[in-house]
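Peer 1: You'll find model-v1.csv just under this line, and it carries CSV, C-alpha atoms.
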```csv
chain,number,residue,atom,x,y,z
W,7,ILE,CA,-18.2,-13.3,-8.6
W,8,VAL,CA,-18.0,-10.8,-11.5
W,9,PHE,CA,-14.9,-11.0,-13.6
W,10,CYS,CA,-14.3,-7.3,-14.5
W,11,SER,CA,-11.6,-5.1,-13.2
W,12,ASN,CA,-13.7,-2.9,-10.9
W,13,SER,CA,-15.9,-5.6,-9.3
W,14,VAL,CA,-13.9,-8.8,-9.3
W,15,PHE,CA,-13.8,-8.7,-5.5
W,16,ALA,CA,-17.5,-8.5,-5.0
W,17,ALA,CA,-18.9,-7.3,-1.7
W,18,GLY,CA,-20.0,-10.1,0.6
W,19,GLN,CA,-17.2,-12.5,-0.4
W,20,LYS,CA,-15.8,-14.2,2.7
W,21,TRP,CA,-12.2,-13.7,1.6
W,22,MET,CA,-9.2,-12.3,3.6
W,23,SER,CA,-6.7,-10.1,1.8
W,24,THR,CA,-2.9,-10.2,2.4
W,25,GLU,CA,-3.2,-6.8,4.0
W,26,GLU,CA,-5.6,-8.2,6.6
W,27,VAL,CA,-3.4,-11.2,7.1
W,28,GLN,CA,-0.4,-8.8,7.7
W,29,ARG,CA,-2.4,-6.8,10.3
W,30,LEU,CA,-3.3,-10.0,12.2
W,31,VAL,CA,0.4,-11.1,12.1
W,32,ASP,CA,1.4,-7.7,13.4
W,33,TYR,CA,-1.1,-7.9,16.3
W,34,SER,CA,-0.1,-11.4,17.2
W,35,ALA,CA,3.2,-10.2,18.8
W,36,ASN,CA,5.3,-12.8,16.8
W,37,LYS,CA,3.0,-15.7,17.8
W,38,GLY,CA,1.5,-15.9,14.3
W,39,VAL,CA,-2.1,-16.3,13.1
W,40,LYS,CA,-3.9,-19.6,13.5
W,41,ALA,CA,-5.4,-21.0,10.3
W,42,SER,CA,-6.3,-24.3,8.7
W,43,PHE,CA,-6.4,-25.8,5.2
W,44,ASP,CA,-8.7,-28.5,3.8
W,45,THR,CA,-7.4,-31.4,1.8
W,46,VAL,CA,-8.1,-35.2,1.2
W,47,LEU,CA,-5.5,-37.5,2.8
W,48,ARG,CA,-7.3,-40.8,2.1
W,49,GLY,CA,-10.3,-41.8,0.0
W,50,THR,CA,-12.6,-38.8,-0.6
W,51,LYS,CA,-13.0,-37.6,3.0
W,52,MET,CA,-12.0,-34.0,3.6
W,53,GLU,CA,-9.8,-33.2,6.6
W,54,SER,CA,-8.8,-29.9,8.1
W,55,LEU,CA,-5.1,-29.4,9.1
W,56,LYS,CA,-3.9,-26.6,11.3
W,57,ILE,CA,-1.2,-24.1,10.3
W,58,VAL,CA,0.2,-20.8,11.8
W,59,MET,CA,0.7,-17.9,9.4
W,60,LYS,CA,4.0,-16.1,10.1
W,61,GLY,CA,4.4,-13.3,7.5
W,62,ILE,CA,4.2,-12.2,3.9
W,63,VAL,CA,6.9,-12.3,1.2
W,64,HIS,CA,6.9,-9.6,-1.5
W,65,GLN,CA,8.9,-10.2,-4.6
W,66,PRO,CA,8.5,-8.9,-8.2
W,67,GLY,CA,5.7,-10.9,-9.7
W,68,LEU,CA,5.0,-12.8,-6.5
W,69,GLU,CA,3.2,-12.3,-3.1
W,70,ILE,CA,3.2,-15.3,-0.8
W,71,ILE,CA,2.0,-15.8,2.8
W,72,VAL,CA,4.3,-18.0,4.8
W,73,ALA,CA,3.1,-20.4,7.5
W,74,THR,CA,4.2,-23.4,9.5
W,75,SER,CA,2.4,-26.8,9.8
W,76,LYS,CA,2.7,-29.7,12.2
W,77,HIS,CA,1.7,-32.0,9.3
W,78,PRO,CA,4.1,-32.7,6.4
W,79,ILE,CA,3.3,-30.9,3.2
W,80,ALA,CA,2.8,-33.6,0.6
W,81,ALA,CA,3.0,-33.6,-3.2
W,82,GLY,CA,-0.6,-33.2,-4.4
W,83,MET,CA,-1.6,-30.7,-1.7
W,84,SER,CA,-1.1,-27.7,-4.0
W,85,GLY,CA,-4.3,-25.7,-4.1
W,86,SER,CA,-5.6,-26.8,-0.7
W,87,PRO,CA,-7.8,-23.9,0.5
W,88,VAL,CA,-6.6,-22.0,3.6
W,89,TYR,CA,-9.1,-20.5,6.0
W,90,VAL,CA,-9.0,-18.0,9.0
W,91,ASN,CA,-12.3,-17.8,11.0
W,92,GLY,CA,-14.3,-19.1,8.0
W,93,LYS,CA,-12.7,-16.6,5.5
W,94,LEU,CA,-10.8,-18.0,2.5
W,95,VAL,CA,-7.2,-16.8,2.5
W,96,GLY,CA,-5.8,-18.7,-0.5
W,97,ALA,CA,-4.1,-21.9,-1.6
W,98,VAL,CA,-1.3,-24.0,-0.2
W,99,SER,CA,1.3,-23.7,-3.0
W,100,TYR,CA,4.9,-23.8,-1.9
W,101,SER,CA,7.0,-25.8,0.6
W,102,LEU,CA,10.5,-25.7,2.1
W,103,SER,CA,13.0,-27.4,-0.3
W,104,SER,CA,15.3,-28.8,2.4
W,105,PHE,CA,15.0,-30.5,5.8
W,106,SER,CA,13.6,-28.6,8.7
W,107,LYS,CA,12.2,-29.5,12.1
W,108,GLU,CA,9.1,-27.5,11.1
W,109,HIS,CA,7.0,-28.0,8.0
W,110,TRP,CA,6.9,-24.6,6.2
W,111,VAL,CA,4.4,-23.7,3.6
W,112,GLY,CA,3.7,-20.9,1.2
W,113,ILE,CA,0.2,-19.7,0.5
W,114,SER,CA,-1.0,-17.9,-2.7
W,115,SER,CA,-3.7,-15.3,-2.0
W,116,ILE,CA,-7.2,-16.0,-3.4
W,117,PHE,CA,-7.2,-12.3,-4.5
W,118,SER,CA,-4.0,-12.9,-6.6
W,119,MET,CA,-5.5,-16.1,-8.1
W,120,VAL,CA,-8.7,-14.4,-9.1
W,121,LYS,CA,-6.9,-11.4,-10.5
W,122,ASP,CA,-4.5,-13.7,-12.4
W,123,ALA,CA,-7.4,-15.6,-14.0
W,124,GLU,CA,-9.3,-12.3,-14.8
W,125,THR,CA,-6.5,-10.3,-16.4
W,126,GLY,CA,-5.3,-13.1,-18.7
W,127,SER,CA,-1.9,-11.5,-18.9
W,128,GLN,CA,0.5,-13.0,-21.5
W,129,LYS,CA,3.4,-11.7,-19.5
W,130,SER,CA,5.2,-14.5,-17.6
W,131,ASN,CA,5.8,-13.7,-13.9
W,132,LEU,CA,6.8,-17.3,-13.1
W,133,VAL,CA,9.0,-17.4,-10.0
W,134,GLU,CA,10.7,-20.8,-9.5
W,135,SER,CA,11.4,-20.2,-5.8
W,136,PHE,CA,11.5,-17.6,-3.1
W,137,VAL,CA,13.5,-17.1,0.2
W,138,PHE,CA,12.0,-16.3,3.6
W,139,GLU,CA,14.3,-16.0,6.7
W,140,GLY,CA,17.0,-17.9,4.9
W,141,LYS,CA,14.7,-20.8,3.8
W,142,THR,CA,14.2,-21.6,0.1
W,143,PHE,CA,10.6,-22.5,-0.9
W,144,VAL,CA,9.6,-24.1,-4.2
W,145,PRO,CA,6.2,-25.1,-5.7
W,146,ILE,CA,4.7,-28.2,-4.2
W,147,ALA,CA,5.0,-31.1,-6.6
W,148,LEU,CA,1.9,-32.4,-8.4
W,149,GLY,CA,1.8,-35.7,-6.6
W,150,GLY,CA,3.0,-38.8,-8.4
W,151,GLU,CA,6.0,-40.3,-10.1
W,152,SER,CA,8.8,-38.7,-12.2
W,153,ILE,CA,8.7,-39.3,-15.9
W,154,PRO,CA,12.1,-40.3,-17.2
W,155,GLY,CA,13.6,-39.6,-20.6
W,156,SER,CA,12.8,-36.0,-21.1
W,157,GLU,CA,14.5,-32.9,-19.8
W,158,PHE,CA,11.2,-31.0,-20.3
W,159,PHE,CA,9.5,-33.1,-17.6
W,160,ALA,CA,12.6,-33.6,-15.5
W,161,ASN,CA,11.5,-31.5,-12.5
W,162,GLN,CA,7.8,-32.4,-12.6
W,163,LYS,CA,5.9,-35.3,-11.2
W,164,PHE,CA,2.9,-37.0,-12.7
W,165,VAL,CA,0.4,-39.7,-12.1
W,166,VAL,CA,-0.4,-42.4,-14.6
W,167,THR,CA,-4.0,-43.5,-13.9
W,168,THR,CA,-6.7,-45.7,-15.3
W,169,ASN,CA,-10.3,-44.7,-15.2
W,170,SER,CA,-11.8,-47.7,-13.4
W,171,ASN,CA,-15.3,-46.4,-12.7
W,172,ARG,CA,-16.7,-48.4,-15.5
W,173,PHE,CA,-15.3,-51.6,-14.0
W,174,GLY,CA,-17.4,-51.1,-10.9
W,175,SER,CA,-16.3,-50.3,-7.3
W,176,SER,CA,-17.5,-50.5,-3.8
W,177,GLY,CA,-16.2,-47.0,-3.2
W,178,PRO,CA,-18.2,-43.7,-3.8
W,179,LYS,CA,-19.2,-42.8,-7.3
W,180,LEU,CA,-16.7,-40.2,-8.6
W,181,ASP,CA,-18.5,-37.4,-10.5
W,182,GLY,CA,-19.1,-33.7,-10.7
W,183,SER,CA,-21.3,-33.7,-7.6
W,184,MET,CA,-18.1,-34.3,-5.6
W,185,LEU,CA,-16.3,-31.1,-6.8
W,186,LYS,CA,-15.7,-28.6,-4.0
W,187,PRO,CA,-12.8,-26.8,-2.5
W,188,GLY,CA,-10.3,-29.2,-0.9
W,189,MET,CA,-11.1,-32.1,-3.3
W,190,PRO,CA,-8.4,-33.5,-5.6
W,191,ILE,CA,-8.2,-32.2,-9.1
W,192,VAL,CA,-6.4,-34.2,-11.8
W,193,GLY,CA,-5.2,-32.2,-14.8
W,194,ASP,CA,-4.6,-34.3,-17.9
W,195,LEU,CA,-1.8,-33.7,-20.4
W,196,VAL,CA,-2.4,-36.9,-22.3
W,197,GLU,CA,-5.3,-39.4,-22.4
W,198,TRP,CA,-5.2,-42.7,-24.4
W,199,THR,CA,-7.7,-45.5,-24.9
W,200,ASP,CA,-6.5,-48.9,-26.2
W,201,GLU,CA,-8.2,-51.4,-28.3
W,202,ASN,CA,-9.7,-53.1,-25.2
W,203,GLY,CA,-11.4,-49.9,-24.1
W,204,LYS,CA,-9.1,-49.2,-21.2
W,205,THR,CA,-8.5,-45.4,-20.7
W,206,SER,CA,-5.3,-44.2,-19.1
W,207,THR,CA,-3.9,-40.7,-18.5
W,208,LEU,CA,-0.7,-38.8,-17.8
W,209,SER,CA,-1.7,-36.2,-15.3
W,210,GLY,CA,-0.8,-33.9,-12.5
W,211,THR,CA,-2.7,-34.1,-9.2
W,212,GLY,CA,-3.4,-31.1,-7.0
W,213,THR,CA,-6.3,-29.6,-5.0
W,214,ILE,CA,-9.3,-27.4,-5.8
W,215,THR,CA,-9.1,-24.0,-4.1
W,216,TYR,CA,-12.4,-22.3,-5.0
W,217,ILE,CA,-15.4,-22.8,-7.2
W,218,ASP,CA,-17.6,-19.8,-8.0
W,219,ASP,CA,-21.4,-19.9,-8.6
W,220,LYS,CA,-20.9,-20.1,-12.4
W,221,GLY,CA,-18.8,-23.2,-12.2
W,222,ARG,CA,-15.5,-21.5,-12.7
W,223,ILE,CA,-12.7,-23.4,-10.9
W,224,PHE,CA,-9.4,-22.3,-9.3
W,225,ALA,CA,-6.7,-24.7,-8.3
W,226,PHE,CA,-3.0,-25.5,-7.6
W,227,GLY,CA,-2.0,-22.0,-6.4
W,228,HIS,CA,1.0,-22.1,-8.6
W,229,PRO,CA,1.5,-22.9,-12.3
W,230,PHE,CA,1.3,-26.3,-13.9
W,231,TYR,CA,3.5,-25.2,-16.8
W,232,ASN,CA,2.7,-21.4,-17.0
W,233,SER,CA,1.5,-22.0,-20.6
W,234,LYS,CA,-1.2,-19.3,-20.4
W,235,ASN,CA,-4.0,-20.2,-22.8
W,236,VAL,CA,-4.5,-24.0,-22.8
W,237,VAL,CA,-7.0,-26.8,-22.7
W,238,TYR,CA,-6.3,-29.5,-20.1
W,239,SER,CA,-9.2,-31.9,-19.3
W,240,PHE,CA,-9.7,-32.3,-15.6
W,241,ARG,CA,-11.2,-35.0,-13.3
W,242,THR,CA,-11.4,-35.6,-9.6
W,243,ALA,CA,-10.0,-38.7,-7.9
W,244,GLU,CA,-9.8,-40.7,-4.7
W,245,ILE,CA,-6.6,-40.8,-2.7
W,246,ILE,CA,-5.3,-44.2,-1.8
W,247,ASP,CA,-3.2,-42.7,1.0
W,248,THR,CA,-0.9,-39.9,1.9
W,249,ILE,CA,2.6,-41.0,2.6
W,250,SER,CA,4.2,-38.6,5.0
W,251,SER,CA,7.9,-38.1,5.6
W,252,ASP,CA,10.2,-35.5,7.2
W,253,GLU,CA,11.7,-35.0,3.8
W,254,ARG,CA,9.7,-33.1,1.3
W,255,ALA,CA,10.5,-35.3,-1.7
W,256,SER,CA,9.2,-38.4,0.0
W,257,SER,CA,5.8,-36.9,1.1
W,258,LEU,CA,3.1,-37.5,-1.5
W,259,LYS,CA,-0.5,-38.4,-2.1
W,260,LEU,CA,-1.0,-41.7,-4.0
W,261,THR,CA,-3.8,-41.1,-6.5
W,262,GLY,CA,-6.2,-43.9,-7.0
W,263,ARG,CA,-9.2,-44.3,-9.4
W,264,THR,CA,-10.3,-41.2,-11.2
W,265,SER,CA,-13.6,-39.9,-12.4
W,266,GLY,CA,-14.4,-39.3,-16.1
W,267,VAL,CA,-13.6,-35.8,-17.5
W,268,LEU,CA,-15.5,-33.1,-15.6
W,269,GLY,CA,-14.4,-30.0,-17.5
W,270,ALA,CA,-11.5,-28.0,-18.9
W,271,ILE,CA,-8.7,-25.9,-17.6
W,272,THR,CA,-8.3,-23.0,-20.0
W,273,TYR,CA,-5.6,-20.9,-18.3
W,274,ASP,CA,-2.4,-21.9,-16.7
W,275,SER,CA,-0.6,-18.9,-15.1
W,276,SER,CA,1.5,-17.5,-12.2
W,277,TYR,CA,-0.9,-18.2,-9.3
W,278,GLY,CA,-2.6,-21.3,-10.5
W,279,ILE,CA,-4.8,-23.1,-13.1
W,280,TYR,CA,-8.3,-21.9,-14.0
W,281,GLY,CA,-11.2,-23.4,-15.9
W,282,LYS,CA,-14.8,-24.4,-15.7
W,283,ILE,CA,-17.0,-27.4,-15.1
W,284,GLY,CA,-18.5,-28.9,-18.2
W,285,ALA,CA,-16.8,-26.8,-20.9
W,286,LYS,CA,-17.8,-29.0,-23.8
W,287,GLU,CA,-16.8,-26.5,-26.5
W,288,GLU,CA,-13.4,-25.9,-24.9
W,289,LEU,CA,-12.7,-29.7,-24.7
W,290,LYS,CA,-13.1,-29.9,-28.5
W,291,ARG,CA,-9.8,-28.1,-28.7
W,292,LEU,CA,-7.9,-31.1,-27.4
W,293,ARG,CA,-5.5,-32.5,-30.0
W,294,HIS,CA,-6.9,-35.8,-31.1
W,295,PHE,CA,-5.3,-38.6,-33.2
W,296,ASN,CA,-5.2,-42.3,-33.6
W,297,LEU,CA,-2.1,-44.5,-33.4
W,298,GLU,CA,-1.9,-48.0,-34.8
W,299,PHE,CA,0.8,-50.6,-34.7
W,300,LYS,CA,1.0,-53.4,-37.3
W,301,ASN,CA,3.1,-56.4,-37.9
W,302,LYS,CA,3.2,-57.7,-41.5
W,303,GLY,CA,0.0,-55.8,-42.2
W,304,ILE,CA,-1.9,-57.2,-39.2
W,305,SER,CA,-3.0,-54.7,-36.5
W,306,TYR,CA,-2.0,-55.6,-33.0
W,307,HIS,CA,-2.3,-52.3,-31.0
W,308,LYS,CA,-4.6,-49.3,-31.5
W,309,PHE,CA,-4.8,-46.2,-29.4
W,310,ASP,CA,-7.2,-43.3,-29.5
W,311,ILE,CA,-5.2,-40.4,-28.1
W,312,LYS,CA,-6.1,-36.9,-26.8
W,313,VAL,CA,-3.4,-34.4,-26.0
W,314,ALA,CA,-3.6,-31.1,-24.1
W,315,ASP,CA,-3.9,-28.0,-26.3
W,316,SER,CA,-1.0,-25.7,-25.4
W,317,VAL,CA,2.5,-24.7,-26.5
W,318,MET,CA,3.6,-28.1,-25.2
W,319,ALA,CA,1.4,-30.1,-27.6
W,320,PRO,CA,4.3,-31.0,-30.1
W,321,ILE,CA,6.4,-32.3,-27.2
W,322,LEU,CA,3.5,-34.2,-25.7
W,323,VAL,CA,2.6,-35.8,-29.1
W,324,GLN,CA,6.2,-36.8,-29.6
```
Can I see the file as C-alpha cells?
Peer 2:
Amino acid sequence: IVFCSNSVFAAGQKWMSTEEVQRLVDYSANKGVKASFDTVLRGTKMESLKIVMKGIVHQPGLEIIVATSKHPIAAGMSGSPVYVNGKLVGAVSYSLSSFSKEHWVGISSIFSMVKDAETGSQKSNLVESFVFEGKTFVPIALGGESIPGSEFFANQKFVVTTNSNRFGSSGPKLDGSMLKPGMPIVGDLVEWTDENGKTSTLSGTGTITYIDDKGRIFAFGHPFYNSKNVVYSFRTAEIIDTISSDERASSLKLTGRTSGVLGAITYDSSYGIYGKIGAKEELKRLRHFNLEFKNKGISYHKFDIKVADSVMAPILVQ
C-alpha cells in the first residue's frame, strides 16, 4: 500500500468499497449480503462468524455499514475484519445499545480507515452514536472492566493485565509472529513495573483489522480517545473466554496473558487507531518516571512507570 492521496488504494488490493457493498445490498432484494468477520473467542484460535449486511448509514463525518449477526457482539471485538468473498470490507466497530432479538453491528470501511490514517487530519469528526431504522448504535467497548473514580474514564472499559510470559506457560508463545488480522490488540495507556519485576498495564483490548506489507497496523474501527497524534504501546494477548449475553453490556472478552510490547500506535482518530510494528523510536516518546514510597526514610514500594504520550498524559499521570 502506498500512503499518498492518489494511490492509497493501490490496484490489486482485495478490498470492497461501500459503493460495491451498496450495489450488492440493492441486488439482494432486501435479503442482505452474506459476510463474515474473524476474531478470537478463546485462546489464540481465530474463528469466523457469519453476518448479513443490510445497508449503509451516511452522516456528516461518518459512513458505516450496518449488519446483523447471530452471535452476540462482545466488548473487545472492535476491529474484527469483515470479509465478503475473500475481500476485506472493514472493521466491526459499533453495536446496538439496547436489547434486540437480533444482534446488530456497524462496520467501518477499510477505505475510510486507510484514508483516516493517511490524511492525519486534526479536525475531530468523532460521532458518539448513529441511528439506523430507529436503532441507536454506539462504539463497541474495549473489553474489560470499568475504571471508577474519574469522569474522564466513566464510559470506557479497560483491562488490567500482568505480562506473565516470563513466568513460563504451557500455552503458545505470544510474540510478533502472531500478529495478523483478527488477532487481539491491547493498547496501553499506562504500564508499571514494581520492585519485584512484575509488569502490569492499564489497557484497552480490541482486534487487528489489517496489516500492510510495511508493518503498518490498523485496528479498532472507531477511536480509542480520538486524541490524534499519540504514542500508545501495543501488545497481543490470549483470550481466556468470551462471555456472551443477550444484553450488550454483559458480552465481553476476558483478556488473559499478554505479550511484551510489539510496537506503537501513533494516530488515534475517527475510524480507528493506527501504528506500526517495532517502532522503537516512537516508543521513546512514552512519558517515563519513577515513583517511590517511603516510611520513615525506608523505601517499601518502587514503581517504574510509562504513560502514553497524548493530550491525556497529565490525567493519566495524576
Peer 1: Find, counting all atoms listed in the file, the residue in W:Lys60, W:Lys259, W:Arg241, W:Lys312 that gets nearest to Val46 (chain W).
Peer 2: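 Closest candidate: W:Lys259.
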Peer 1: Could you work out how far CA of Ile311 (chain W) lies from CA of Gly203 (chain W), giving the answer in Å with one decimal?
Peer 2: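 Rounded to one decimal, the two atoms are 12.0 Å apart.
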Peer 1: What does the structure give for the distance between CA of Leu94 (chain W) and CA of Met22 (chain W), in Å to one decimal?
Peer 2: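 Spanning CA of Leu94 (chain W) to CA of Met22 (chain W) is a straight-line distance of 6.0 Å.
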Peer 1: Write out as a ChimeraX atom specification each polymer residue whose atoms come within 10 Å of Lys51 (chain W), counting only C-alpha atoms; drop sequence neighbours fewer than 6 positions from it.
Peer 2: /W:45,188-189,244-245
Peer 1: Given only C-alpha atoms as the basis, pick out the residue of W:Thr242, W:Asn235, W:Ser316, W:Asn36 nearest to Ile283 (chain W).
Peer 2: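 Going through W:Thr242, W:Asn235, W:Ser316, W:Asn36 one by one, the smallest distance to Ile283 (chain W) is for W:Thr242.
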Peer 1: Would you work out the distance separating CA of Thr50 (chain W) from CA of Leu102 (chain W), expressed in Å to one decimal?
Peer 2: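 About the pair CA of Thr50 (chain W) and CA of Leu102 (chain W): they are 26.7 Å apart.
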